[in-house]
Each structure stands twice: as C-alpha cells, then as structure tokens.
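Asks: I have a structure I would like to understand better, so I am pasting it below and will then ask my questions one at a time.
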Amino acid sequence: MAVKALGSYDFPSRSRQELYGDDMLVHVWWKDNPMFCAAATFRAPTAMTWADFKAQMIDPWAGSDPAYDPAFAFAWGYDGGDFAPDEAKTLAELGVGHKHTISMAAPRT
C-alpha cells in the first residue's frame with residue numbers, strides 16, 4: 001500500500017555521529033539468546049579499547065543472563081561478517097563505527 005506524505009522529511013537525524021563528539025553508538029547483539037530479543041545499544045568512546053568495552057559495557061549487560069560466562073570464547077561478528085577483536089586495540093582501530101552492530105554467538109561446531 002502506498003503512503004502519501006503531507007510534507008517532506010528533510011531533517012537531520014537526531015542520532016547522527018556529530019552529536020556525540022568523540023563517542024559513538026554501538027549495537028551489541030547476542031545471537032540466539034532467548035533472554036535478549038534485540039541488540040543493546042551502548043554509547044562508547046571511539047578511543048576505548050576492546051578489553052574495556054567488553055568489561056565495562058558487554059559483561060554487565062550480558063551478565064544479567066545467568067548463563068553468561070565472560071571467559072567463554074564467543075564467535076564475534078561485525079555488521080554481518082566475522083570479527084576477531086584485539087583486546088589492546090581501540091574501537092576505532094578495529095573499524096567499529098557509529099551505529100554499527102557487533103554480534104556474539106556460541107561458536108559453530
């Protein structure tokens with residue numbers, strides 16, 4: 001069904017990168033987890049290391065699921081592809097961008 005607009009929608013996004021300074025929004029999706037039906041969104045500095053991002057953002061959020069083990073070797077993904085994060089690199093160095101999605105899943109066997 002076609003929708004007829006009453007006017008143009010020519011306005012800037014309220015969540016565009018420039019509004020966040022040196023921070024960005026990062027979505028984290030725990031695939032196939034029955035407790036989390038959608039990705040969570042975190043505001044993180046682009047200069048934050050992966051180790052800090054996981055410890056400060058992902059672990060507390062995912063830890064609300066009793067099955068979560070921070071030491072588990074998840075298969076990580078980034079915007080649909082495979083992702084092998086280096087704990088010492090920053091999110092920017094890893095190529096993580098504003099409003100991109102990082103996924104975590106049990107490794108395939």
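By convention here, the chains of the structure tokens are called A, B, ... in the order presented, each chain's residues are numbered starting at 1, and ligands are numbered starting at 1 in the order presented.
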So that I can check the surroundings of Ile58 (chain A), please list as an MDAnalysis selection string every protein, DNA and RNA residue that reaches within 12 Å of it, counting only C-alpha atoms and ignoring chain neighbours fewer than 5 positions away.

Replies: chainID A and resid 26:30 39:44 50:53 63:65 68:70 102:104

Asks: So, counting only C-alpha atoms, which residue among A:Val3, A:His98, A:Pro34, A:Ala88 is closest to Glu18 (chain A)?

Replies: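 Closest to Glu18 (chain A) of all the choices is A:His98.
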
Asks: Mind the document's chain letters and residue numbers, and return as a list in words the residues of chain A that DSSP labels strand (DSSP E).

Replies: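 Matching residues, listed in order: Asp23, Met24, Leu25, Val26, His27, Val28, Trp29, Trp30, Ala40, Thr41, Phe42, Arg43, Ala44, Pro45, Ala75, Trp76, Gly77, Tyr78, Gly81, Asp82, Phe83, His100, Thr101, Ile102, Ser103, Met104 and Ala105 of chain A.
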
Asks: With only C-alpha atoms as the basis for distance, which of A:Pro66, A:Tyr9, A:Ala84, A:Asp23 is at the shortest distance from Gly97 (chain A)?

Replies: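 That would be A:Asp23, the residue with the smallest distance to Gly97 (chain A).
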
Asks: Which residue, A:Ala47, A:Ala55, A:Ala71, A:Met1, has the smallest gap to Asp22 (chain A) when you use only C-alpha atoms?

Replies: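 Looking only at the distances to Asp22 (chain A), the closest residue turns out to be A:Ala47.
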